[in-house]
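Engineer: The following file, upload-v2.cif, comprises mmCIF, N, CA and C atoms and all ligand atoms:
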data_start
loop_
_atom_site.label_atom_id
_atom_site.label_comp_id
_atom_site.auth_asym_id
_atom_site.auth_seq_id
_atom_site.Cartn_x
_atom_site.Cartn_y
_atom_site.Cartn_z
N MET I 50 28.00 54.01 -26.40
CA MET I 50 29.38 54.47 -26.22
C MET I 50 30.12 53.60 -25.21
N LEU I 51 31.33 53.28 -25.55
CA LEU I 51 32.14 52.50 -24.62
C LEU I 51 33.03 53.43 -23.82
N THR I 52 33.17 53.14 -22.54
CA THR I 52 34.06 53.93 -21.71
C THR I 52 35.50 53.54 -22.01
N ASN I 53 36.44 54.38 -21.63
CA ASN I 53 37.85 54.05 -21.83
C ASN I 53 38.24 52.80 -21.07
N ARG I 54 37.60 52.63 -19.90
CA ARG I 54 37.91 51.46 -19.10
C ARG I 54 37.55 50.18 -19.86
N THR I 55 36.38 50.16 -20.49
CA THR I 55 35.95 48.99 -21.26
C THR I 55 36.88 48.78 -22.43
N LYS I 56 37.27 49.88 -23.07
CA LYS I 56 38.16 49.77 -24.23
C LYS I 56 39.52 49.18 -23.84
N ASN I 57 40.05 49.64 -22.70
CA ASN I 57 41.34 49.11 -22.25
C ASN I 57 41.23 47.64 -21.89
N LEU I 58 40.13 47.28 -21.23
CA LEU I 58 39.91 45.90 -20.84
C LEU I 58 39.82 45.03 -22.10
N TYR I 59 39.12 45.53 -23.09
CA TYR I 59 38.96 44.84 -24.36
C TYR I 59 40.32 44.54 -24.97
N GLN I 60 41.19 45.55 -25.01
CA GLN I 60 42.51 45.33 -25.59
C GLN I 60 43.34 44.35 -24.77
N GLU I 61 43.25 44.48 -23.44
CA GLU I 61 44.01 43.58 -22.57
C GLU I 61 43.59 42.14 -22.75
N VAL I 62 42.29 41.91 -22.75
CA VAL I 62 41.77 40.54 -22.86
C VAL I 62 42.16 39.96 -24.22
N ILE I 63 42.03 40.75 -25.27
CA ILE I 63 42.35 40.25 -26.59
C ILE I 63 43.84 39.93 -26.71
N LEU I 64 44.66 40.80 -26.20
CA LEU I 64 46.11 40.53 -26.25
C LEU I 64 46.47 39.28 -25.45
N ASP I 65 45.89 39.18 -24.27
CA ASP I 65 46.20 38.05 -23.38
C ASP I 65 45.77 36.73 -24.01
N HIS I 66 44.53 36.66 -24.48
CA HIS I 66 44.03 35.39 -25.04
C HIS I 66 44.68 35.07 -26.37
N ASN I 67 45.11 36.08 -27.08
CA ASN I 67 45.76 35.83 -28.36
C ASN I 67 47.16 35.26 -28.15
N LYS I 68 47.83 35.80 -27.14
CA LYS I 68 49.18 35.35 -26.84
C LYS I 68 49.17 33.97 -26.19
N ASN I 69 48.12 33.75 -25.43
CA ASN I 69 48.07 32.58 -24.56
C ASN I 69 46.68 31.95 -24.64
N PRO I 70 46.30 31.44 -25.83
CA PRO I 70 44.91 30.97 -25.99
C PRO I 70 44.60 29.76 -25.10
N ARG I 71 43.40 29.79 -24.47
CA ARG I 71 42.96 28.68 -23.63
C ARG I 71 42.36 27.59 -24.52
N ASN I 72 42.52 26.36 -24.09
CA ASN I 72 41.92 25.21 -24.79
C ASN I 72 42.34 25.14 -26.26
N TYR I 73 43.57 25.54 -26.53
CA TYR I 73 44.06 25.51 -27.91
C TYR I 73 44.73 24.16 -28.15
N ARG I 74 43.95 23.20 -28.64
CA ARG I 74 44.45 21.85 -28.90
C ARG I 74 43.37 21.09 -29.65
N GLU I 75 43.75 19.93 -30.20
CA GLU I 75 42.76 19.05 -30.80
C GLU I 75 42.26 18.09 -29.74
N ILE I 76 40.98 17.69 -29.84
CA ILE I 76 40.49 16.62 -28.97
C ILE I 76 40.36 15.39 -29.87
N GLU I 77 41.11 14.34 -29.54
CA GLU I 77 41.12 13.17 -30.43
C GLU I 77 39.81 12.41 -30.42
N ASN I 78 39.25 12.21 -29.24
CA ASN I 78 38.01 11.42 -29.14
C ASN I 78 36.79 12.33 -29.08
N PHE I 79 36.76 13.37 -29.92
CA PHE I 79 35.64 14.31 -29.90
C PHE I 79 34.34 13.62 -30.32
N SER I 80 33.22 14.14 -29.85
CA SER I 80 31.93 13.64 -30.31
C SER I 80 31.40 14.53 -31.43
N HIS I 81 31.80 15.78 -31.44
CA HIS I 81 31.34 16.73 -32.45
C HIS I 81 32.51 17.63 -32.83
N MET I 82 32.54 18.04 -34.09
CA MET I 82 33.51 19.05 -34.49
C MET I 82 32.98 19.76 -35.73
N ALA I 83 33.49 20.97 -35.96
CA ALA I 83 33.14 21.70 -37.18
C ALA I 83 34.28 22.63 -37.53
N LYS I 84 34.34 22.96 -38.82
CA LYS I 84 35.34 23.89 -39.31
C LYS I 84 34.64 25.19 -39.67
N GLY I 85 35.16 26.27 -39.14
CA GLY I 85 34.56 27.57 -39.44
C GLY I 85 35.51 28.41 -40.29
N HIS I 86 34.93 29.20 -41.16
CA HIS I 86 35.73 30.03 -42.04
C HIS I 86 35.08 31.40 -42.19
N ASN I 87 35.86 32.41 -41.98
CA ASN I 87 35.39 33.78 -42.21
C ASN I 87 36.21 34.38 -43.35
N PRO I 88 35.71 34.26 -44.59
CA PRO I 88 36.51 34.69 -45.75
C PRO I 88 36.79 36.19 -45.77
N LEU I 89 35.96 36.99 -45.10
CA LEU I 89 36.18 38.44 -45.08
C LEU I 89 37.53 38.80 -44.48
N CYS I 90 37.93 38.02 -43.47
CA CYS I 90 39.16 38.34 -42.76
C CYS I 90 40.21 37.25 -42.96
N GLY I 91 39.76 36.05 -43.33
CA GLY I 91 40.68 34.93 -43.51
C GLY I 91 40.81 34.05 -42.28
N ASP I 92 39.93 34.23 -41.31
CA ASP I 92 39.98 33.41 -40.09
C ASP I 92 39.49 32.00 -40.38
N LYS I 93 40.24 31.01 -39.90
CA LYS I 93 39.84 29.61 -40.01
C LYS I 93 40.01 28.93 -38.67
N LEU I 94 38.93 28.42 -38.13
CA LEU I 94 38.98 27.79 -36.81
C LEU I 94 38.27 26.45 -36.83
N ASP I 95 38.86 25.44 -36.21
CA ASP I 95 38.19 24.16 -36.00
C ASP I 95 37.81 24.08 -34.53
N VAL I 96 36.56 23.72 -34.27
CA VAL I 96 36.10 23.58 -32.89
C VAL I 96 35.79 22.10 -32.64
N TYR I 97 36.32 21.57 -31.54
CA TYR I 97 36.09 20.18 -31.15
C TYR I 97 35.35 20.16 -29.83
N LEU I 98 34.47 19.17 -29.66
CA LEU I 98 33.87 19.04 -28.35
C LEU I 98 33.47 17.62 -28.02
N ILE I 99 33.35 17.40 -26.75
CA ILE I 99 32.83 16.13 -26.25
C ILE I 99 31.55 16.45 -25.50
N LEU I 100 30.45 15.91 -26.03
CA LEU I 100 29.14 16.12 -25.43
C LEU I 100 28.78 14.83 -24.70
N ASN I 101 28.39 14.94 -23.43
CA ASN I 101 28.01 13.69 -22.74
C ASN I 101 26.53 13.39 -22.98
N ASN I 102 26.04 12.26 -22.44
CA ASN I 102 24.65 11.90 -22.79
C ASN I 102 23.60 12.69 -22.04
N GLU I 103 24.05 13.66 -21.23
CA GLU I 103 23.08 14.60 -20.65
C GLU I 103 23.14 15.95 -21.36
N ASP I 104 23.79 15.95 -22.54
CA ASP I 104 23.90 17.18 -23.34
C ASP I 104 24.71 18.28 -22.65
N ILE I 105 25.67 17.86 -21.87
CA ILE I 105 26.59 18.82 -21.24
C ILE I 105 27.93 18.75 -21.96
N ILE I 106 28.50 19.91 -22.23
CA ILE I 106 29.79 19.97 -22.92
C ILE I 106 30.89 19.62 -21.92
N GLU I 107 31.40 18.40 -22.04
CA GLU I 107 32.42 17.95 -21.09
C GLU I 107 33.78 18.53 -21.40
N ASP I 108 34.06 18.66 -22.69
CA ASP I 108 35.34 19.24 -23.07
C ASP I 108 35.14 19.97 -24.40
N VAL I 109 35.92 21.00 -24.59
CA VAL I 109 35.81 21.79 -25.83
C VAL I 109 37.16 22.43 -26.10
N SER I 110 37.51 22.51 -27.36
CA SER I 110 38.80 23.08 -27.72
C SER I 110 38.72 23.66 -29.13
N PHE I 111 39.77 24.35 -29.51
CA PHE I 111 39.81 24.87 -30.89
C PHE I 111 41.26 24.92 -31.35
N ILE I 112 41.42 24.89 -32.66
CA ILE I 112 42.72 25.15 -33.27
C ILE I 112 42.44 25.99 -34.52
N GLY I 113 43.48 26.60 -35.05
CA GLY I 113 43.28 27.32 -36.30
C GLY I 113 44.10 28.58 -36.36
N ASP I 114 43.83 29.30 -37.41
CA ASP I 114 44.57 30.51 -37.68
C ASP I 114 43.59 31.63 -37.91
N GLY I 115 43.88 32.74 -37.29
CA GLY I 115 42.96 33.85 -37.50
C GLY I 115 43.52 35.09 -36.86
N CYS I 116 42.75 36.16 -36.99
CA CYS I 116 43.18 37.42 -36.40
C CYS I 116 43.06 37.34 -34.88
N ALA I 117 43.60 38.33 -34.22
CA ALA I 117 43.61 38.35 -32.75
C ALA I 117 42.20 38.27 -32.17
N ILE I 118 41.25 38.96 -32.78
CA ILE I 118 39.89 38.96 -32.23
C ILE I 118 39.25 37.58 -32.35
N SER I 119 39.43 36.93 -33.50
CA SER I 119 38.79 35.61 -33.67
C SER I 119 39.40 34.60 -32.71
N LYS I 120 40.70 34.66 -32.51
CA LYS I 120 41.34 33.71 -31.60
C LYS I 120 41.00 33.99 -30.15
N ALA I 121 41.01 35.26 -29.79
CA ALA I 121 40.67 35.62 -28.40
C ALA I 121 39.22 35.24 -28.10
N SER I 122 38.34 35.45 -29.07
CA SER I 122 36.94 35.13 -28.85
C SER I 122 36.76 33.61 -28.71
N ALA I 123 37.46 32.83 -29.52
CA ALA I 123 37.38 31.36 -29.42
C ALA I 123 37.91 30.91 -28.06
N SER I 124 39.00 31.55 -27.62
CA SER I 124 39.60 31.18 -26.35
C SER I 124 38.64 31.46 -25.18
N VAL I 125 38.04 32.64 -25.18
CA VAL I 125 37.09 32.98 -24.11
C VAL I 125 35.86 32.08 -24.21
N MET I 126 35.39 31.84 -25.43
CA MET I 126 34.20 30.99 -25.61
C MET I 126 34.42 29.60 -25.03
N THR I 127 35.56 28.97 -25.38
CA THR I 127 35.79 27.61 -24.88
C THR I 127 35.86 27.62 -23.35
N SER I 128 36.41 28.69 -22.77
CA SER I 128 36.46 28.74 -21.30
C SER I 128 35.08 28.85 -20.68
N VAL I 129 34.17 29.60 -21.31
CA VAL I 129 32.87 29.80 -20.65
C VAL I 129 31.86 28.68 -20.94
N VAL I 130 32.00 27.95 -22.04
CA VAL I 130 30.97 26.94 -22.33
C VAL I 130 31.29 25.56 -21.74
N LYS I 131 32.53 25.37 -21.31
CA LYS I 131 32.90 24.06 -20.77
C LYS I 131 32.09 23.77 -19.51
N GLY I 132 31.50 22.57 -19.47
CA GLY I 132 30.70 22.17 -18.31
C GLY I 132 29.26 22.64 -18.36
N LYS I 133 28.87 23.32 -19.45
CA LYS I 133 27.51 23.88 -19.54
C LYS I 133 26.60 22.99 -20.41
N HIS I 134 25.32 23.07 -20.12
CA HIS I 134 24.32 22.36 -20.92
C HIS I 134 24.14 23.09 -22.25
N ILE I 135 23.86 22.32 -23.32
CA ILE I 135 23.80 22.97 -24.64
C ILE I 135 22.66 23.98 -24.76
N SER I 136 21.59 23.81 -23.99
CA SER I 136 20.52 24.80 -24.11
C SER I 136 20.98 26.14 -23.51
N TYR I 137 21.79 26.08 -22.47
CA TYR I 137 22.34 27.30 -21.88
C TYR I 137 23.37 27.94 -22.81
N VAL I 138 24.15 27.08 -23.50
CA VAL I 138 25.15 27.58 -24.44
C VAL I 138 24.45 28.34 -25.58
N LYS I 139 23.31 27.81 -26.03
CA LYS I 139 22.55 28.49 -27.08
C LYS I 139 22.09 29.87 -26.62
N GLU I 140 21.68 29.93 -25.38
CA GLU I 140 21.24 31.20 -24.79
C GLU I 140 22.42 32.20 -24.75
N LEU I 141 23.59 31.70 -24.35
CA LEU I 141 24.77 32.57 -24.30
C LEU I 141 25.14 33.06 -25.70
N PHE I 142 25.06 32.15 -26.68
CA PHE I 142 25.41 32.52 -28.05
C PHE I 142 24.47 33.60 -28.55
N SER I 143 23.19 33.44 -28.30
CA SER I 143 22.27 34.44 -28.81
C SER I 143 22.49 35.79 -28.11
N GLY I 144 22.80 35.75 -26.82
CA GLY I 144 23.12 36.98 -26.10
C GLY I 144 24.40 37.63 -26.61
N PHE I 145 25.40 36.78 -26.87
CA PHE I 145 26.68 37.28 -27.37
C PHE I 145 26.50 37.91 -28.75
N HIS I 146 25.71 37.22 -29.58
CA HIS I 146 25.48 37.70 -30.94
C HIS I 146 24.76 39.05 -30.93
N ASP I 147 23.73 39.15 -30.10
CA ASP I 147 22.99 40.41 -30.01
C ASP I 147 23.88 41.54 -29.50
N MET I 148 24.76 41.20 -28.56
CA MET I 148 25.67 42.21 -28.01
C MET I 148 26.69 42.65 -29.07
N ALA I 149 27.27 41.67 -29.79
CA ALA I 149 28.32 41.98 -30.77
C ALA I 149 27.77 42.78 -31.94
N THR I 150 26.51 42.53 -32.30
CA THR I 150 25.93 43.26 -33.41
C THR I 150 25.25 44.54 -32.95
N GLY I 151 25.23 44.77 -31.63
CA GLY I 151 24.65 46.00 -31.12
C GLY I 151 23.13 45.96 -31.01
N LYS I 152 22.54 44.75 -31.16
CA LYS I 152 21.08 44.63 -31.08
C LYS I 152 20.57 44.76 -29.66
N ALA I 153 21.40 44.32 -28.71
CA ALA I 153 20.94 44.33 -27.32
C ALA I 153 22.14 44.51 -26.40
N GLU I 154 21.84 44.94 -25.21
CA GLU I 154 22.88 45.04 -24.19
C GLU I 154 23.20 43.64 -23.69
N PRO I 155 24.41 43.42 -23.14
CA PRO I 155 24.74 42.09 -22.63
C PRO I 155 23.73 41.62 -21.59
N GLY I 156 23.42 40.33 -21.62
CA GLY I 156 22.46 39.76 -20.68
C GLY I 156 23.01 39.67 -19.27
N GLN I 157 22.22 39.09 -18.38
CA GLN I 157 22.56 39.06 -16.96
C GLN I 157 23.33 37.81 -16.54
N GLN I 158 23.52 36.87 -17.46
CA GLN I 158 24.23 35.63 -17.10
C GLN I 158 25.64 35.97 -16.61
N PRO I 159 26.12 35.23 -15.61
CA PRO I 159 27.46 35.53 -15.05
C PRO I 159 28.56 35.45 -16.12
N GLU I 160 28.40 34.57 -17.09
CA GLU I 160 29.42 34.43 -18.15
C GLU I 160 29.54 35.69 -18.98
N MET I 161 28.47 36.50 -19.03
CA MET I 161 28.49 37.71 -19.85
C MET I 161 29.55 38.70 -19.38
N LYS I 162 29.92 38.61 -18.10
CA LYS I 162 30.96 39.49 -17.59
C LYS I 162 32.25 39.29 -18.38
N ARG I 163 32.52 38.04 -18.73
CA ARG I 163 33.74 37.77 -19.47
C ARG I 163 33.56 38.00 -20.97
N LEU I 164 32.33 37.85 -21.43
CA LEU I 164 32.08 37.99 -22.87
C LEU I 164 31.91 39.44 -23.28
N ARG I 165 31.53 40.29 -22.33
CA ARG I 165 31.15 41.66 -22.71
C ARG I 165 32.32 42.49 -23.20
N VAL I 166 33.57 42.04 -22.98
CA VAL I 166 34.69 42.81 -23.52
C VAL I 166 34.59 42.88 -25.04
N PHE I 167 33.91 41.88 -25.63
CA PHE I 167 33.78 41.88 -27.09
C PHE I 167 32.68 42.81 -27.59
N ALA I 168 31.99 43.47 -26.68
CA ALA I 168 30.99 44.45 -27.09
C ALA I 168 31.65 45.53 -27.94
N GLY I 169 32.98 45.70 -27.78
CA GLY I 169 33.71 46.70 -28.55
C GLY I 169 33.60 46.51 -30.06
N VAL I 170 33.33 45.29 -30.52
CA VAL I 170 33.30 45.09 -31.97
C VAL I 170 32.07 45.71 -32.62
N ARG I 171 31.07 46.07 -31.81
CA ARG I 171 29.87 46.65 -32.42
C ARG I 171 30.20 47.95 -33.17
N ASP I 172 31.30 48.60 -32.77
CA ASP I 172 31.72 49.81 -33.47
C ASP I 172 32.60 49.49 -34.67
N LEU I 173 32.90 48.23 -34.89
CA LEU I 173 33.78 47.79 -35.98
C LEU I 173 33.07 46.67 -36.75
N PRO I 174 32.12 47.03 -37.62
CA PRO I 174 31.27 46.02 -38.26
C PRO I 174 32.04 44.88 -38.92
N ALA I 175 33.21 45.17 -39.49
CA ALA I 175 33.97 44.11 -40.15
C ALA I 175 34.50 43.08 -39.16
N ARG I 176 34.54 43.47 -37.89
CA ARG I 176 35.09 42.58 -36.86
C ARG I 176 34.04 41.69 -36.20
N VAL I 177 32.77 41.99 -36.46
CA VAL I 177 31.71 41.22 -35.82
C VAL I 177 31.82 39.74 -36.21
N LYS I 178 32.13 39.50 -37.48
CA LYS I 178 32.24 38.11 -37.93
C LYS I 178 33.46 37.41 -37.35
N CYS I 179 34.50 38.16 -37.07
CA CYS I 179 35.67 37.59 -36.40
C CYS I 179 35.29 37.13 -35.00
N ALA I 180 34.56 38.00 -34.29
CA ALA I 180 34.21 37.71 -32.89
C ALA I 180 33.19 36.59 -32.78
N THR I 181 32.33 36.44 -33.79
CA THR I 181 31.26 35.44 -33.67
C THR I 181 31.60 34.13 -34.38
N LEU I 182 32.72 34.08 -35.12
CA LEU I 182 33.05 32.87 -35.89
C LEU I 182 33.10 31.61 -35.02
N SER I 183 33.78 31.68 -33.89
CA SER I 183 33.91 30.47 -33.06
C SER I 183 32.55 30.01 -32.53
N TRP I 184 31.67 30.97 -32.24
CA TRP I 184 30.33 30.62 -31.75
C TRP I 184 29.51 29.96 -32.85
N HIS I 185 29.58 30.51 -34.07
CA HIS I 185 28.88 29.88 -35.19
C HIS I 185 29.41 28.47 -35.42
N THR I 186 30.73 28.32 -35.28
CA THR I 186 31.35 27.01 -35.52
C THR I 186 30.94 26.02 -34.45
N LEU I 187 30.90 26.48 -33.21
CA LEU I 187 30.43 25.62 -32.11
C LEU I 187 28.99 25.16 -32.37
N GLN I 188 28.16 26.12 -32.78
CA GLN I 188 26.76 25.80 -33.08
C GLN I 188 26.67 24.78 -34.22
N ALA I 189 27.50 24.97 -35.25
CA ALA I 189 27.51 24.03 -36.39
C ALA I 189 27.92 22.64 -35.92
N ALA I 190 28.90 22.57 -35.02
CA ALA I 190 29.34 21.28 -34.50
C ALA I 190 28.18 20.61 -33.76
N LEU I 191 27.46 21.39 -32.95
CA LEU I 191 26.33 20.84 -32.19
C LEU I 191 25.20 20.41 -33.13
N ASP I 192 25.06 21.10 -34.24
CA ASP I 192 24.03 20.75 -35.22
C ASP I 192 24.52 19.70 -36.21
N ASN I 193 25.74 19.21 -36.00
CA ASN I 193 26.33 18.22 -36.90
C ASN I 193 26.49 18.72 -38.34
N ARG I 194 26.73 19.98 -38.47
CA ARG I 194 27.12 20.51 -39.78
C ARG I 194 28.64 20.64 -39.73
N GLU I 195 29.32 20.07 -40.69
CA GLU I 195 30.76 20.01 -40.56
C GLU I 195 31.49 21.29 -40.90
N LYS I 196 30.93 22.02 -41.84
CA LYS I 196 31.65 23.22 -42.30
C LYS I 196 30.70 24.38 -42.32
N ILE I 197 31.17 25.50 -41.83
CA ILE I 197 30.36 26.69 -41.97
C ILE I 197 31.23 27.82 -42.48
N THR I 198 30.58 28.74 -43.11
CA THR I 198 31.28 29.96 -43.50
C THR I 198 30.37 31.11 -43.11
N THR I 199 30.96 32.21 -42.72
CA THR I 199 30.14 33.35 -42.30
C THR I 199 29.62 34.14 -43.50
N GLU I 200 30.03 33.74 -44.71
CA GLU I 200 29.52 34.41 -45.90
C GLU I 200 28.21 33.77 -46.36
ZN ZN F 1 39.26 38.13 -38.18
#
Starting from the coordinates I provided, produce the structure as structure tokens.
Ligand code: ZN
Structural biologist:
Amino acid sequence: MLTNRTKNLYQEVILDHNKNPRNYREIENFSHMAKGHNPLCGDKLDVYLILNNEDIIEDVSFIGDGCAISKASASVMTSVVKGKHISYVKELFSGFHDMATGKAEPGQQPEMKRLRVFAGVRDLPARVKCATLSWHTLQAALDNREKITTE
């Protein structure tokens, strides 16, 4: 069960990031990119990143069209993964995924404080794919798969 406080925070964060998305731009000299598509909702997001030779994400951005949850999630994701090593990003993604699907409680990583507002989607199964689309797309970019779909 989510408390009212968590629910209000969830709405605030989603409204704020949707209105004012962070890292919403193309990166011209990207090292990796992928296109994500969630046909259930119609969300389409492109994720760009620059990975340095120590496997640290130096820069990351996204563009695209989607519902408020998919855009807010992409915006928060790009803010938390910037400057992080890809093995840590994988850990965050798996924690985020488990939280969004209701498999596990949010982990102890400091970034989870910002990601846990999306725990609200566990009560809205159709929205889980919206919230996780940017993460799947980021993962596809890191795996050098150009296109992914959540179907
Ligand atoms: Zn959506």
Engineer: Please build the interface table for range 81-150 of chain I against range 179-198 of chain I with a cut-off of 6.5 Å, listing for each qualifying residue the nearest atom pair and the distance in Å to one decimal; count all atoms listed in the file, order rows by chain and increasing number, and write it as a Markdown table.
Structural biologist:
| residue | atom | partner | partner_atom | distance |
| --- | --- | --- | --- | --- |
| I:His81 | C | I:Ala190 | CA | 5.1 |
| I:Met82 | C | I:Ala190 | CA | 4.1 |
| I:Ala83 | CA | I:Glu195 | C | 4.1 |
| I:Lys84 | N | I:Glu195 | C | 3.9 |
| I:Gly85 | CA | I:Ile197 | C | 4.5 |
| I:His86 | N | I:Ile197 | C | 4.2 |
| I:Asn87 | N | I:Thr198 | CA | 5.4 |
| I:Pro88 | N | I:Thr198 | CA | 6.3 |
| I:Val96 | CA | I:Thr186 | C | 5.9 |
| I:Ile118 | C | I:Cys179 | C | 4.8 |
| I:Ser119 | CA | I:Cys179 | C | 4.0 |
| I:Lys120 | N | I:Cys179 | C | 6.4 |
| I:Ser122 | CA | I:Ala180 | CA | 5.5 |
| I:Ala123 | CA | I:Ser183 | CA | 5.1 |
| I:Phe142 | CA | I:Trp184 | CA | 6.4 |
Engineer: List as a VMD selection string the protein and nucleic acid residues near range 70-76 of chain I, meaning an atom at most 5 Å away when all atoms listed in the file are counted, but skip any in the same chain fewer than 4 places from it.
Structural biologist: chain I and resid 66 110 to 111 124
Engineer: Could the residues in this selection be written to a file with N, CA and C atoms, as a PDB file, in the coordinates of the input?
Structural biologist:
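Below is the file that was written, selection_22.pdb:
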ATOM      1  N   HIS I  66      44.530  36.660 -24.480  1.00  0.00           N
ATOM      2  CA  HIS I  66      44.030  35.390 -25.040  1.00  0.00           C
ATOM      3  C   HIS I  66      44.680  35.070 -26.370  1.00  0.00           C
ATOM      4  N   SER I 110      37.510  22.510 -27.360  1.00  0.00           N
ATOM      5  CA  SER I 110      38.800  23.080 -27.720  1.00  0.00           C
ATOM      6  C   SER I 110      38.720  23.660 -29.130  1.00  0.00           C
ATOM      7  N   PHE I 111      39.770  24.350 -29.510  1.00  0.00           N
ATOM      8  CA  PHE I 111      39.810  24.870 -30.890  1.00  0.00           C
ATOM      9  C   PHE I 111      41.260  24.920 -31.350  1.00  0.00           C
ATOM     10  N   SER I 124      39.000  31.550 -27.620  1.00  0.00           N
ATOM     11  CA  SER I 124      39.600  31.180 -26.350  1.00  0.00           C
ATOM     12  C   SER I 124      38.640  31.460 -25.180  1.00  0.00           C
TER      13      SER I 124
END
Engineer: Which value, in Å to one decimal, gives the distance between CA of Gly113 in chain I and CA of Lys131 in chain I?
Structural biologist: 19.0 Å
Engineer: Could you please write out, as a PyMOL selection string, every residue of range 54-166 of chain I that DSSP assigns to strand (DSSP E)?
Structural biologist: chain I and resi 81-87+92-100+106-114
Engineer: Leaving out Phe79 in chain I and any residue of its chain fewer than 6 positions from it, which residues lie within 7 Å of it when counting all atoms listed in the file, given as a ChimeraX atom specification?
Structural biologist: /I:97-100
Engineer: Please produce an output containing N, CA and C atoms for each residue in the selection, written as an mmCIF file, in the coordinates of the input.
Structural biologist:
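Everything below was put into result_18.cif:
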data_model
loop_
_atom_site.group_PDB
_atom_site.id
_atom_site.type_symbol
_atom_site.label_atom_id
_atom_site.label_comp_id
_atom_site.auth_asym_id
_atom_site.auth_seq_id
_atom_site.Cartn_x
_atom_site.Cartn_y
_atom_site.Cartn_z
ATOM 1 N N TYR I 97 36.320 21.570 -31.540
ATOM 2 C CA TYR I 97 36.090 20.180 -31.150
ATOM 3 C C TYR I 97 35.350 20.160 -29.830
ATOM 4 N N LEU I 98 34.470 19.170 -29.660
ATOM 5 C CA LEU I 98 33.870 19.040 -28.350
ATOM 6 C C LEU I 98 33.470 17.620 -28.020
ATOM 7 N N ILE I 99 33.350 17.400 -26.750
ATOM 8 C CA ILE I 99 32.830 16.130 -26.250
ATOM 9 C C ILE I 99 31.550 16.450 -25.500
ATOM 10 N N LEU I 100 30.450 15.910 -26.030
ATOM 11 C CA LEU I 100 29.140 16.120 -25.430
ATOM 12 C C LEU I 100 28.780 14.830 -24.700
#
Engineer: In Å, rounded to a single decimal, give me how far CA of His134 in chain I is from CA of Glu103 in chain I.
Structural biologist: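 Between CA of Glu103 in chain I and CA of His134 in chain I the gap is 7.9 Å.
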Engineer: List as an mmCIF file with N, CA and C atoms, in the frame of the given file the protein and nucleic acid residues lying within 6 Å of ligand ZN 1 (chain F), with only N, CA and C atoms and all ligand atoms counted.
Structural biologist:
data_model
loop_
_atom_site.group_PDB
_atom_site.id
_atom_site.type_symbol
_atom_site.label_atom_id
_atom_site.label_comp_id
_atom_site.auth_asym_id
_atom_site.auth_seq_id
_atom_site.Cartn_x
_atom_site.Cartn_y
_atom_site.Cartn_z
ATOM 1 N N CYS I 90 37.930 38.020 -43.470
ATOM 2 C CA CYS I 90 39.160 38.340 -42.760
ATOM 3 C C CYS I 90 40.210 37.250 -42.960
ATOM 4 N N GLY I 91 39.760 36.050 -43.330
ATOM 5 C CA GLY I 91 40.680 34.930 -43.510
ATOM 6 C C GLY I 91 40.810 34.050 -42.280
ATOM 7 N N ASP I 92 39.930 34.230 -41.310
ATOM 8 C CA ASP I 92 39.980 33.410 -40.090
ATOM 9 C C ASP I 92 39.490 32.000 -40.380
ATOM 10 N N GLY I 115 43.880 32.740 -37.290
ATOM 11 C CA GLY I 115 42.960 33.850 -37.500
ATOM 12 C C GLY I 115 43.520 35.090 -36.860
ATOM 13 N N CYS I 116 42.750 36.160 -36.990
ATOM 14 C CA CYS I 116 43.180 37.420 -36.400
ATOM 15 C C CYS I 116 43.060 37.340 -34.880
ATOM 16 N N ALA I 117 43.600 38.330 -34.220
ATOM 17 C CA ALA I 117 43.610 38.350 -32.750
ATOM 18 C C ALA I 117 42.200 38.270 -32.170
ATOM 19 N N ILE I 118 41.250 38.960 -32.780
ATOM 20 C CA ILE I 118 39.890 38.960 -32.230
ATOM 21 C C ILE I 118 39.250 37.580 -32.350
ATOM 22 N N SER I 119 39.430 36.930 -33.500
ATOM 23 C CA SER I 119 38.790 35.610 -33.670
ATOM 24 C C SER I 119 39.400 34.600 -32.710
ATOM 25 N N LYS I 178 32.130 39.500 -37.480
ATOM 26 C CA LYS I 178 32.240 38.110 -37.930
ATOM 27 C C LYS I 178 33.460 37.410 -37.350
ATOM 28 N N CYS I 179 34.500 38.160 -37.070
ATOM 29 C CA CYS I 179 35.670 37.590 -36.400
ATOM 30 C C CYS I 179 35.290 37.130 -35.000
#
Engineer: Please report the interatomic distance between CA of Ala121 in chain I and CA of Lys68 in chain I in Å with one decimal.
Structural biologist: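 Atom-to-atom, CA of Ala121 in chain I to CA of Lys68 in chain I, that is 8.7 Å.
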Engineer: Considering only N, CA and C atoms, state which residue in the set I:Lys139, I:Val166, I:Asn102, I:Glu160 is at the smallest distance from Gln60 in chain I.
Structural biologist: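 Answer, going by the shortest atom-to-atom distance: I:Val166.
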Engineer: From the set I:Val177, I:Val129, I:Val62, I:Ile135, which residue has the shortest atom-to-atom contact distance to Gln158 in chain I, counting only C-alpha atoms?
Structural biologist: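 For Gln158 in chain I, the nearest of the candidates is I:Val129.
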Engineer: Set the distance at 7 Å and use only N, CA and C atoms: which residues neighbour Arg163 in chain I once local chain neighbours fewer than 4 positions away are removed? I'd like the list as a ChimeraX atom specification.
Structural biologist: /I:125,159,167
Engineer: List every protein, DNA or RNA residue that has an atom no more than 8 Å from (16.7, 40.8, -26.2) in the file's coordinate frame, counting only N, CA and C atoms, and report them as a VMD selection string.
Structural biologist: chain I and resid 143 to 144 147 152 to 154
Engineer: Once DSSP has gone over the backbone, tell me which residues of chain I are in helix (DSSP H, G or I), as an MDAnalysis selection string.
Structural biologist: chainID I and resid 53:68 117:130 135:149 161:172 174:191
Engineer: So that I can see what lies close to Lys133 in chain I, please list as number ranges by chain the residues with an atom at most 6 Å from it, counting all atoms listed in the file and leaving out residues fewer than 2 positions away in the same chain.
Structural biologist: I: 104-106, 130-131, 135, 138
Engineer: Tell me which of I:Ala149, I:Ala175, I:Leu141, I:Ala168 sits closest to Tyr59 in chain I, counting all atoms listed in the file.
Structural biologist: I:Ala168
Engineer: Taking into account only C-alpha atoms, which residue in the set I:Thr52, I:Lys93, I:Asn78, I:Met148 is nearest to Leu164 in chain I?
Structural biologist: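 Under the stated criterion, the closest residue is I:Met148.
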